[in-house]
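Data file: target-v3.txt. Format and content: compact mmCIF, C-alpha atoms and all ligand atoms.
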# COMPACT_ATOMS: atom_id res chain seq x y z
CA MET A 1 75.21 57.42 -17.61
CA LYS A 2 76.78 58.97 -20.68
CA PRO A 3 75.61 57.60 -24.04
CA LYS A 4 78.20 55.48 -25.88
CA VAL A 5 79.45 56.73 -29.22
CA VAL A 6 81.90 55.33 -31.76
CA VAL A 7 84.39 57.61 -33.53
CA TYR A 8 85.94 55.75 -36.48
CA LYS A 9 88.15 58.48 -37.94
CA ARG A 10 91.30 60.14 -36.58
CA MET A 11 90.29 63.26 -34.63
CA SER A 12 92.22 65.82 -32.62
CA GLU A 13 92.22 65.43 -28.83
CA LYS A 14 90.39 68.77 -28.66
CA VAL A 15 87.43 67.40 -30.62
CA LEU A 16 87.51 64.07 -28.74
CA ASP A 17 87.52 65.95 -25.40
CA TYR A 18 84.53 67.98 -26.55
CA ILE A 19 82.62 64.75 -27.23
CA ARG A 20 83.84 63.15 -23.96
CA GLU A 21 82.18 65.95 -21.97
CA SER A 22 78.80 64.39 -22.70
CA CYS A 23 79.49 60.94 -24.19
CA GLU A 24 81.49 57.78 -23.56
CA VAL A 25 83.80 57.72 -26.57
CA HIS A 26 84.98 54.48 -28.20
CA TYR A 27 87.72 55.58 -30.54
CA PHE A 28 88.80 53.50 -33.56
CA PRO A 29 90.93 55.71 -35.85
CA GLY A 30 92.09 52.56 -37.65
CA TYR A 31 88.83 50.62 -37.38
CA LYS A 32 89.72 48.19 -40.19
CA GLU A 33 92.68 46.86 -38.20
CA GLU A 34 90.56 46.26 -35.10
CA TYR A 35 87.28 45.43 -36.77
CA GLU A 36 86.05 42.94 -34.15
CA ALA A 37 86.46 45.45 -31.32
CA PHE A 38 84.89 48.13 -33.52
CA LEU A 39 81.84 45.92 -34.15
CA ALA A 40 81.55 45.14 -30.44
CA ALA A 41 81.52 48.87 -29.63
CA LEU A 42 79.01 49.50 -32.41
CA LYS A 43 76.57 47.09 -30.69
CA GLU A 44 76.24 49.51 -27.77
CA ALA A 45 76.65 52.80 -29.67
CA GLU A 46 73.93 55.44 -29.89
CA GLY A 47 75.97 57.63 -32.21
CA VAL A 48 78.71 57.25 -34.80
CA LEU A 49 81.15 59.85 -36.15
CA GLY A 50 83.51 59.48 -39.11
CA SER A 51 83.45 59.47 -42.89
CA GLY A 52 83.29 57.05 -45.76
CA LEU A 53 82.15 53.91 -43.96
CA LYS A 54 79.25 52.30 -45.85
CA PHE A 55 76.35 51.77 -43.46
CA ASP A 56 74.45 49.04 -45.27
CA GLU A 57 71.81 46.73 -43.86
CA VAL A 58 74.40 44.23 -42.58
CA LEU A 59 76.36 46.88 -40.65
CA LEU A 60 73.23 48.58 -39.32
CA ASP A 61 72.07 45.21 -37.96
CA GLN A 62 75.24 45.29 -35.82
CA ALA A 63 74.21 48.64 -34.33
CA PRO A 64 70.73 48.16 -32.82
CA LYS A 65 70.92 51.19 -30.48
CA LEU A 66 72.03 53.70 -33.10
CA LYS A 67 70.21 57.06 -33.07
CA VAL A 68 72.48 59.15 -35.28
CA ILE A 69 75.24 58.78 -37.90
CA CYS A 70 77.40 61.87 -38.33
CA ASN A 71 79.63 62.18 -41.37
CA THR A 72 82.69 64.41 -41.18
CA SER A 73 82.21 65.07 -44.89
CA VAL A 74 79.67 66.92 -46.97
CA GLY A 75 79.26 63.94 -49.31
CA TYR A 76 77.03 61.22 -47.90
CA ASP A 77 77.03 58.60 -50.63
CA ASN A 78 78.19 56.13 -47.93
CA LEU A 79 74.74 56.34 -46.37
CA ASN A 80 71.58 54.58 -47.49
CA ILE A 81 69.16 57.37 -46.64
CA PRO A 82 65.85 55.48 -47.23
CA LEU A 83 67.12 52.65 -45.01
CA LEU A 84 68.19 55.06 -42.24
CA LYS A 85 64.80 56.79 -42.38
CA GLU A 86 63.06 53.43 -42.22
CA ARG A 87 65.03 52.60 -39.06
CA GLY A 88 64.50 56.03 -37.51
CA ILE A 89 68.22 56.87 -37.53
CA LEU A 90 69.20 60.51 -38.01
CA ALA A 91 72.16 61.58 -40.17
CA SER A 92 74.26 64.70 -40.60
CA ASN A 93 77.05 65.96 -42.87
CA THR A 94 79.35 69.01 -42.90
CA PRO A 95 78.20 71.44 -45.61
CA GLY A 96 79.56 74.96 -45.95
CA VAL A 97 82.63 74.84 -43.72
CA LEU A 98 84.75 73.32 -46.50
CA ASN A 99 83.51 75.34 -49.49
CA ASP A 100 86.45 77.77 -49.64
CA THR A 101 89.09 75.07 -49.19
CA VAL A 102 87.65 72.76 -51.83
CA ALA A 103 87.16 75.66 -54.26
CA ASP A 104 90.84 76.57 -53.70
CA THR A 105 91.84 72.97 -54.50
CA ILE A 106 89.80 73.06 -57.70
CA MET A 107 91.40 76.35 -58.79
CA ALA A 108 94.78 74.73 -58.10
CA LEU A 109 93.84 71.74 -60.28
CA MET A 110 92.62 74.00 -63.08
CA LEU A 111 95.77 76.12 -62.97
CA ALA A 112 98.11 73.14 -62.63
CA ALA A 113 96.51 71.30 -65.56
CA ALA A 114 96.28 74.37 -67.82
CA ARG A 115 99.77 75.68 -67.04
CA ARG A 116 101.28 72.17 -66.86
CA ILE A 117 102.69 72.84 -63.42
CA THR A 118 103.31 69.26 -62.29
CA GLU A 119 104.74 68.26 -65.67
CA LEU A 120 107.10 71.24 -65.77
CA ASP A 121 108.05 70.75 -62.13
CA GLN A 122 109.30 67.29 -63.12
CA PHE A 123 111.04 68.80 -66.18
CA VAL A 124 113.07 71.13 -63.94
CA LYS A 125 113.74 68.58 -61.21
CA THR A 126 114.92 65.90 -63.62
CA GLY A 127 117.42 68.24 -65.30
CA GLY A 128 115.44 68.85 -68.51
CA TRP A 129 115.88 72.65 -68.27
CA SER A 130 119.03 73.26 -70.29
CA GLU A 131 120.83 76.33 -71.68
CA ASN A 132 118.39 76.12 -74.59
CA GLY A 133 115.53 76.84 -72.19
CA PHE A 134 112.31 75.11 -73.07
CA SER A 135 110.32 74.60 -76.21
CA GLN A 136 107.05 76.14 -77.32
CA GLN A 137 105.62 72.67 -77.05
CA GLN A 138 105.72 73.14 -73.31
CA PHE A 139 103.51 76.20 -73.34
CA GLY A 140 100.29 75.93 -71.44
CA ILE A 141 96.94 77.62 -71.96
CA ASP A 142 95.43 80.59 -70.14
CA VAL A 143 92.85 80.22 -67.42
CA HIS A 144 91.83 83.87 -67.11
CA HIS A 145 89.06 85.16 -69.39
CA LYS A 146 88.12 81.60 -70.39
CA THR A 147 84.75 79.89 -69.91
CA LEU A 148 84.25 77.67 -66.89
CA GLY A 149 81.37 75.19 -66.94
CA ILE A 150 80.25 74.02 -63.49
CA ILE A 151 78.05 70.93 -63.30
CA GLY A 152 76.44 71.03 -59.85
CA MET A 153 76.14 74.65 -58.69
CA GLY A 154 75.75 74.07 -54.95
CA GLY A 155 77.87 75.31 -52.07
CA ILE A 156 81.26 74.42 -53.58
CA GLY A 157 80.22 75.20 -57.15
CA ALA A 158 79.17 78.75 -56.20
CA THR A 159 82.36 79.30 -54.19
CA LEU A 160 84.39 78.19 -57.22
CA ALA A 161 82.35 80.52 -59.45
CA LYS A 162 83.21 83.41 -57.11
CA ARG A 163 86.94 82.78 -57.48
CA ALA A 164 86.71 82.28 -61.23
CA HIS A 165 84.58 85.39 -61.79
CA PHE A 166 86.33 87.88 -59.49
CA GLY A 167 89.84 86.45 -59.52
CA PHE A 168 90.21 85.22 -63.09
CA ASP A 169 87.62 87.20 -65.09
CA MET A 170 86.13 83.92 -66.26
CA ASN A 171 82.80 83.54 -67.95
CA ILE A 172 80.69 81.09 -65.89
CA LEU A 173 78.22 78.58 -67.30
CA TYR A 174 76.46 76.11 -65.06
CA HIS A 175 74.13 73.17 -65.13
CA ASN A 176 72.23 72.14 -62.02
CA ARG A 177 69.02 70.40 -60.96
CA SER A 178 67.56 73.84 -60.25
CA ARG A 179 68.50 77.44 -60.94
CA ASN A 180 70.94 79.11 -58.57
CA LYS A 181 69.74 82.70 -58.82
CA ALA A 182 72.23 83.91 -56.21
CA ALA A 183 75.17 82.70 -58.34
CA GLU A 184 73.56 84.15 -61.46
CA THR A 185 73.36 87.58 -59.82
CA ALA A 186 76.65 87.57 -57.92
CA TYR A 187 78.95 85.89 -60.46
CA HIS A 188 77.04 86.36 -63.73
CA ALA A 189 76.72 82.59 -63.98
CA ALA A 190 74.54 81.57 -66.92
CA TYR A 191 72.32 78.50 -66.60
CA CYS A 192 72.42 76.16 -69.59
CA THR A 193 71.76 72.60 -70.63
CA MET A 194 74.46 70.03 -70.01
CA ASP A 195 75.19 69.71 -73.75
CA GLU A 196 75.52 73.47 -74.19
CA LEU A 197 77.86 73.66 -71.20
CA LEU A 198 80.02 70.82 -72.55
CA ALA A 199 80.26 72.38 -76.01
CA LYS A 200 81.11 75.91 -74.85
CA SER A 201 83.35 75.43 -71.80
CA ASP A 202 87.14 75.64 -71.76
CA PHE A 203 87.14 74.16 -68.26
CA VAL A 204 84.50 71.61 -67.21
CA CYS A 205 84.21 70.99 -63.51
CA VAL A 206 81.85 68.40 -62.05
CA LEU A 207 80.57 69.06 -58.52
CA THR A 208 77.41 67.05 -58.06
CA PRO A 209 76.98 64.56 -55.23
CA LEU A 210 77.23 60.87 -56.13
CA THR A 211 73.68 59.52 -56.42
CA SER A 212 71.94 56.94 -58.60
CA GLN A 213 71.21 59.82 -61.03
CA THR A 214 74.79 61.09 -61.20
CA GLU A 215 76.72 57.81 -61.37
CA LYS A 216 78.72 57.95 -64.65
CA LEU A 217 77.05 61.28 -65.43
CA ILE A 218 80.15 62.16 -67.45
CA GLY A 219 80.97 59.43 -69.96
CA LYS A 220 81.94 58.83 -73.57
CA ARG A 221 79.11 60.94 -74.98
CA GLU A 222 79.94 63.88 -72.71
CA PHE A 223 83.69 63.79 -73.46
CA GLU A 224 82.91 63.75 -77.18
CA LYS A 225 80.84 66.90 -76.73
CA MET A 226 83.64 68.80 -74.99
CA LYS A 227 86.11 71.02 -76.84
CA GLN A 228 89.35 69.29 -77.80
CA THR A 229 91.09 72.03 -75.85
CA ALA A 230 88.98 71.50 -72.73
CA VAL A 231 90.43 70.82 -69.30
CA PHE A 232 88.25 68.46 -67.27
CA VAL A 233 88.25 68.61 -63.46
CA ASN A 234 86.63 66.17 -61.05
CA ALA A 235 86.62 66.99 -57.34
CA ALA A 236 83.21 65.47 -56.62
CA ARG A 237 83.31 61.67 -56.50
CA GLY A 238 85.18 59.34 -58.84
CA LYS A 239 82.06 57.39 -59.75
CA VAL A 240 80.33 60.48 -61.15
CA VAL A 241 82.69 59.96 -64.10
CA ASP A 242 83.10 56.90 -66.29
CA GLU A 243 86.86 56.61 -65.69
CA LYS A 244 87.41 54.30 -68.66
CA ALA A 245 85.75 56.87 -70.94
CA LEU A 246 87.95 59.61 -69.47
CA ILE A 247 91.09 57.56 -70.15
CA GLU A 248 89.96 56.91 -73.73
CA ALA A 249 89.08 60.58 -74.29
CA LEU A 250 92.54 61.65 -73.10
CA GLN A 251 94.26 58.96 -75.18
CA ALA A 252 92.29 60.06 -78.27
CA ASN A 253 93.05 63.77 -77.60
CA GLU A 254 89.34 64.49 -77.33
CA VAL A 255 90.15 66.67 -74.33
CA LEU A 256 93.39 68.47 -73.52
CA ALA A 257 94.02 67.66 -69.88
CA ALA A 258 92.45 66.69 -66.58
CA GLY A 259 92.71 67.54 -62.91
CA LEU A 260 91.49 64.79 -60.59
CA ASP A 261 91.09 64.78 -56.83
CA VAL A 262 88.89 61.68 -56.87
CA PHE A 263 88.91 58.27 -58.55
CA GLU A 264 86.49 55.44 -59.28
CA LYS A 265 88.42 53.29 -56.77
CA GLU A 266 90.31 54.92 -53.90
CA PRO A 267 93.19 54.61 -53.48
CA THR A 268 93.46 54.15 -57.21
CA ASP A 269 95.55 51.25 -58.53
CA ARG A 270 99.14 52.10 -59.43
CA SER A 271 98.42 50.57 -62.85
CA ASN A 272 95.73 53.18 -63.60
CA PRO A 273 96.74 54.66 -67.02
CA LEU A 274 95.77 58.13 -65.74
CA LEU A 275 98.83 58.05 -63.48
CA LYS A 276 101.12 57.76 -66.50
CA MET A 277 99.68 60.75 -68.35
CA PRO A 278 101.69 63.98 -68.00
CA ASN A 279 98.61 66.04 -68.86
CA VAL A 280 96.68 64.64 -65.89
CA VAL A 281 97.18 66.22 -62.48
CA THR A 282 96.27 63.85 -59.66
CA LEU A 283 95.56 64.35 -55.97
CA PRO A 284 94.66 61.76 -53.30
CA HIS A 285 91.15 63.08 -52.46
CA ILE A 286 92.45 66.00 -50.43
CA GLY A 287 89.98 68.66 -51.59
CA SER A 288 89.04 69.72 -48.08
CA ALA A 289 92.25 68.60 -46.39
CA THR A 290 93.79 71.63 -44.73
CA ALA A 291 94.42 71.59 -41.00
CA GLU A 292 91.97 74.44 -40.40
CA THR A 293 89.11 73.06 -42.48
CA ARG A 294 89.44 69.46 -41.29
CA MET A 295 89.26 70.84 -37.74
CA LYS A 296 86.04 72.71 -38.56
CA MET A 297 84.55 69.60 -40.20
CA ALA A 298 85.43 67.43 -37.21
CA GLN A 299 84.03 69.96 -34.72
CA LEU A 300 80.79 70.32 -36.69
CA GLY A 301 80.50 66.52 -36.85
CA ALA A 302 81.11 66.33 -33.08
CA GLU A 303 78.43 68.94 -32.38
CA ASN A 304 75.95 67.03 -34.54
CA LEU A 305 76.86 63.81 -32.73
CA THR A 306 76.37 65.17 -29.22
CA ALA A 307 73.12 66.88 -30.25
CA GLY A 308 71.83 63.67 -31.85
CA VAL A 309 72.55 61.32 -28.96
CA HIS A 310 71.01 63.78 -26.47
CA GLY A 311 67.79 64.14 -28.47
CA LYS A 312 68.53 67.69 -29.62
CA LYS A 313 68.13 69.17 -33.09
CA LEU A 314 71.07 68.41 -35.42
CA LEU A 315 72.99 71.46 -36.66
CA THR A 316 73.34 70.21 -40.23
CA PRO A 317 70.92 67.33 -40.75
CA ILE A 318 70.86 65.52 -44.10
CA TYR A 319 67.05 65.15 -43.85
N1 LIG B 1 87.13 66.24 -53.33
C1 LIG B 1 86.74 66.47 -52.09
O1 LIG B 1 87.51 66.37 -51.15
C2 LIG B 1 85.32 66.90 -51.85
C3 LIG B 1 85.08 67.79 -50.81
C4 LIG B 1 83.78 68.17 -50.58
C5 LIG B 1 82.77 67.69 -51.38
N2 LIG B 1 83.03 66.82 -52.37
C6 LIG B 1 81.94 66.33 -53.22
O2 LIG B 1 81.31 67.44 -53.82
C7 LIG B 1 79.91 67.28 -53.76
C8 LIG B 1 79.22 68.62 -53.77
O3 LIG B 1 79.41 69.29 -52.55
P1 LIG B 1 78.56 70.62 -52.19
O4 LIG B 1 78.87 70.95 -50.78
O5 LIG B 1 78.76 71.65 -53.23
O6 LIG B 1 77.09 70.03 -52.27
P2 LIG B 1 75.74 70.79 -52.57
O7 LIG B 1 74.66 69.88 -52.20
O8 LIG B 1 75.78 72.16 -51.98
O9 LIG B 1 75.78 70.97 -54.17
C9 LIG B 1 75.56 69.94 -55.06
C10 LIG B 1 74.76 70.49 -56.24
O10 LIG B 1 74.63 69.46 -57.21
C11 LIG B 1 73.32 69.55 -57.75
N3 LIG B 1 72.92 68.28 -58.33
C12 LIG B 1 72.59 67.14 -57.71
N4 LIG B 1 72.26 66.19 -58.61
C13 LIG B 1 72.40 66.76 -59.82
C14 LIG B 1 72.20 66.28 -61.14
N5 LIG B 1 71.79 65.03 -61.37
N6 LIG B 1 72.43 67.14 -62.16
C15 LIG B 1 72.83 68.40 -61.92
N7 LIG B 1 73.02 68.91 -60.68
C16 LIG B 1 72.82 68.09 -59.65
C17 LIG B 1 72.44 69.97 -56.58
O11 LIG B 1 71.25 70.55 -57.02
C18 LIG B 1 73.36 70.95 -55.84
O12 LIG B 1 73.14 72.27 -56.28
C19 LIG B 1 79.68 66.47 -52.48
O13 LIG B 1 78.48 65.72 -52.53
C20 LIG B 1 80.90 65.57 -52.43
O14 LIG B 1 80.64 64.33 -53.03
C21 LIG B 1 84.30 66.40 -52.62
O1 LIG B 2 82.61 64.94 -49.14
C1 LIG B 2 83.55 65.48 -48.55
O2 LIG B 2 83.40 66.31 -47.63
C2 LIG B 2 84.96 65.17 -48.95
O3 LIG B 2 85.01 64.25 -49.95
C3 LIG B 2 85.83 64.83 -47.81
O4 LIG B 2 85.60 63.54 -47.37
Let me see the structure of the file written as structure tokens.
Amino acid sequence: MKPKVVVYKRMSEKVLDYIRESCEVHYFPGYKEEYEAFLAALKEAEGVLGSGLKFDEVLLDQAPKLKVICNTSVGYDNLNIPLLKERGILASNTPGVLNDTVADTIMALMLAAARRITELDQFVKTGGWSENGFSQQQFGIDVHHKTLGIIGMGGIGATLAKRAHFGFDMNILYHNRSRNKAAETAYHAAYCTMDELLAKSDFVCVLTPLTSQTEKLIGKREFEKMKQTAVFVNAARGKVVDEKALIEALQANEVLAAGLDVFEKEPTDRSNPLLKMPNVVTLPHIGSATAETRMKMAQLGAENLTAGVHGKKLLTPIY
């Protein structure tokens, strides 16, 4: 008999067929709308595949046969790792396969915020571009040859450093839990304290995972330490930043602009003041969302899932 698994995120038929070769798939792409049926399937499931769902004690109690939880994301702040370990449940994520795509998104945010792309796009589309052209007040700032500070020099951080160093002649500073010698050698990235990074960087990009140590890592104090001309970019998790402090820093012109792929609450409320600020470029958490990369993430998740339920070694285990 094939082991039962629950897939709670929309997947291509190709990936679902791959899983079906060795598992009985219970597919809930819109699990919130059919939560009762989803919970019933979870009761019998040995494996789960998807992203974002918080597996707390209450939910895990509904899944007594679970052997493995596979995230189709590199971030795993939805998982309570000590609790999973305690219950003998394995877990996997999707590191590496999304580095290039997310680094591309971050470069796009940096360029869009610095060169005011979304603001000027609206200017043109709403008929603001007249015979008189545009004013100097609409000039942006350069990205090339500036200093980029990366907080969290892991897989995505290093891939961003590569683009910034080779493509934009940027000077790279970074702060991380430990030294990343490979990035130091390859991209001339200089390790420094958080405060030094904040004071010297023209672009500050946060790329740490969300953990109890990184929640609100960037707050009032950190924004005050940044240059007034700094562009702040968050493509990690919204809760790594104190969003209220970011709003206040932008309102007080303590920083120049921001590029945000993630928010404290997602989807963010339409009343969020950040959405009214022309110097803030916003995206709906689509850092890794290209067709090619989402396919790779789903396939890697599926391979972890089938390995896990059949007692084989996970390809990309979290622990
Ligand atoms: N916006 C998106 O769509 C998107 C896509 C992928 C990843 N992410 C987020 O980006 C995060 C990073 O992804 P990654 O693949 O580069 O992970 P990674 O594990 O390779 O890198 C994270 C780095 O952060 C460092 N770090 C952890 N805690 C720290 C702390 N307190 N201070 C300083 N450094 C710290 C780690 O040492 C590591 O080098 C993910 O956890 C995820 O939350 C977002
Ligand atoms: O962590 C990740 O991989 C991204 O946020 C996509 O969910």
Expected answer as a PDB file with C-alpha atoms, in the frame of the given file: residues within 7 Å of ligand LIG 1 (chain B), all atoms listed in the file:
ATOM      1  CA  SER A  73      82.210  65.070 -44.890  1.00  0.00           C
ATOM      2  CA  VAL A  74      79.670  66.920 -46.970  1.00  0.00           C
ATOM      3  CA  GLY A  75      79.260  63.940 -49.310  1.00  0.00           C
ATOM      4  CA  TYR A  76      77.030  61.220 -47.900  1.00  0.00           C
ATOM      5  CA  PRO A  95      78.200  71.440 -45.610  1.00  0.00           C
ATOM      6  CA  GLY A  96      79.560  74.960 -45.950  1.00  0.00           C
ATOM      7  CA  LEU A  98      84.750  73.320 -46.500  1.00  0.00           C
ATOM      8  CA  ASN A  99      83.510  75.340 -49.490  1.00  0.00           C
ATOM      9  CA  VAL A 102      87.650  72.760 -51.830  1.00  0.00           C
ATOM     10  CA  ILE A 151      78.050  70.930 -63.300  1.00  0.00           C
ATOM     11  CA  GLY A 152      76.440  71.030 -59.850  1.00  0.00           C
ATOM     12  CA  MET A 153      76.140  74.650 -58.690  1.00  0.00           C
ATOM     13  CA  GLY A 154      75.750  74.070 -54.950  1.00  0.00           C
ATOM     14  CA  GLY A 155      77.870  75.310 -52.070  1.00  0.00           C
ATOM     15  CA  ILE A 156      81.260  74.420 -53.580  1.00  0.00           C
ATOM     16  CA  GLY A 157      80.220  75.200 -57.150  1.00  0.00           C
ATOM     17  CA  HIS A 175      74.130  73.170 -65.130  1.00  0.00           C
ATOM     18  CA  ASN A 176      72.230  72.140 -62.020  1.00  0.00           C
ATOM     19  CA  ARG A 177      69.020  70.400 -60.960  1.00  0.00           C
ATOM     20  CA  SER A 178      67.560  73.840 -60.250  1.00  0.00           C
ATOM     21  CA  LEU A 207      80.570  69.060 -58.520  1.00  0.00           C
ATOM     22  CA  THR A 208      77.410  67.050 -58.060  1.00  0.00           C
ATOM     23  CA  PRO A 209      76.980  64.560 -55.230  1.00  0.00           C
ATOM     24  CA  LEU A 210      77.230  60.870 -56.130  1.00  0.00           C
ATOM     25  CA  GLN A 213      71.210  59.820 -61.030  1.00  0.00           C
ATOM     26  CA  THR A 214      74.790  61.090 -61.200  1.00  0.00           C
ATOM     27  CA  ALA A 235      86.620  66.990 -57.340  1.00  0.00           C
ATOM     28  CA  ALA A 236      83.210  65.470 -56.620  1.00  0.00           C
ATOM     29  CA  ARG A 237      83.310  61.670 -56.500  1.00  0.00           C
ATOM     30  CA  ASP A 261      91.090  64.780 -56.830  1.00  0.00           C
ATOM     31  CA  VAL A 262      88.890  61.680 -56.870  1.00  0.00           C
ATOM     32  CA  HIS A 285      91.150  63.080 -52.460  1.00  0.00           C
ATOM     33  CA  ILE A 286      92.450  66.000 -50.430  1.00  0.00           C
ATOM     34  CA  GLY A 287      89.980  68.660 -51.590  1.00  0.00           C
ATOM     35  CA  SER A 288      89.040  69.720 -48.080  1.00  0.00           C
TER      36      SER A 288
END
Length of the atom C2 of ligand LIG 2 (chain B) to CA of Ile69 (chain A) vector [Å]
16.0 Å
How big is the axis-aligned box around all listed atoms of ligand LIG 2 (chain B) once 3 Å goes on each side, and where's its centre, in Å to one decimal, as JSON?
{"center_x": 84.2, "center_y": 64.9, "center_z": -48.7, "size_x": 9.2, "size_y": 8.8, "size_z": 8.6}
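Among the candidates A:Lys244, A:Lys181, A:Lys14, A:Arg20, the one nearest to Ile218 (chain A) when counting all atoms listed in the file is A:Lys244.
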Which polymer residues, protein or nucleic acid, are no farther than 10 Å from (81.8, 66.9, -35.9), counting only C-alpha atoms, as a PyMOL selection string?
chain A and resi 7+11+15-16+18-19+49-50+70-73+92-94+294-306+315
For CA of Tyr8 (chain A) and CA of Thr105 (chain A), quote the distance in Å rounded to one decimal.
25.6 Å
Just checking: using all atoms listed in the file, which residue out of A:Ala289, A:Met194, A:Val204, A:Cys23 ends up closest to ligand LIG 2 (chain B)?
A:Ala289
Between CA of Ala252 (chain A) and CA of Lys220 (chain A), what is the spacing in Å?
11.4 Å
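In terms of minimum interatomic distance to ligand LIG 2 (chain B), A:Val97 ranks closest within A:Leu59, A:Ile81, A:Val97, A:Leu90, counting all atoms listed in the file.
Shortest atom-to-atom contact with Leu109 (chain A) among A:Gly52, A:Cys192, A:Asp242, A:Leu160: A:Leu160, counting only C-alpha atoms.
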Contacts of region 43-46 of chain A within 7 Å, all atoms listed in the file, excl. fewer than 6 positions in-chain, as JSON, numbers by chain
{"A": [3, 4, 5, 6, 62, 63, 64, 65, 66, 67, 68, 309]}
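Of the listed residues A:Glu57, A:Asp77, A:Glu13, A:Asp100, the one whose atoms come nearest to ligand LIG 2 (chain B) is A:Asp77, with distances taken using all atoms listed in the file.
Shortest separation to Leu120 (chain A) among A:Leu83, A:Glu34, A:Ile318, A:Asn279 occurs at residue A:Asn279, atoms counted being only C-alpha atoms.
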What lies within 8 Å of Val280 (chain A) using only C-alpha atoms, ignoring chain neighbours under 2 positions off, as a PyMOL selection string?
chain A and resi 113+257-260+274-275+277-278+282
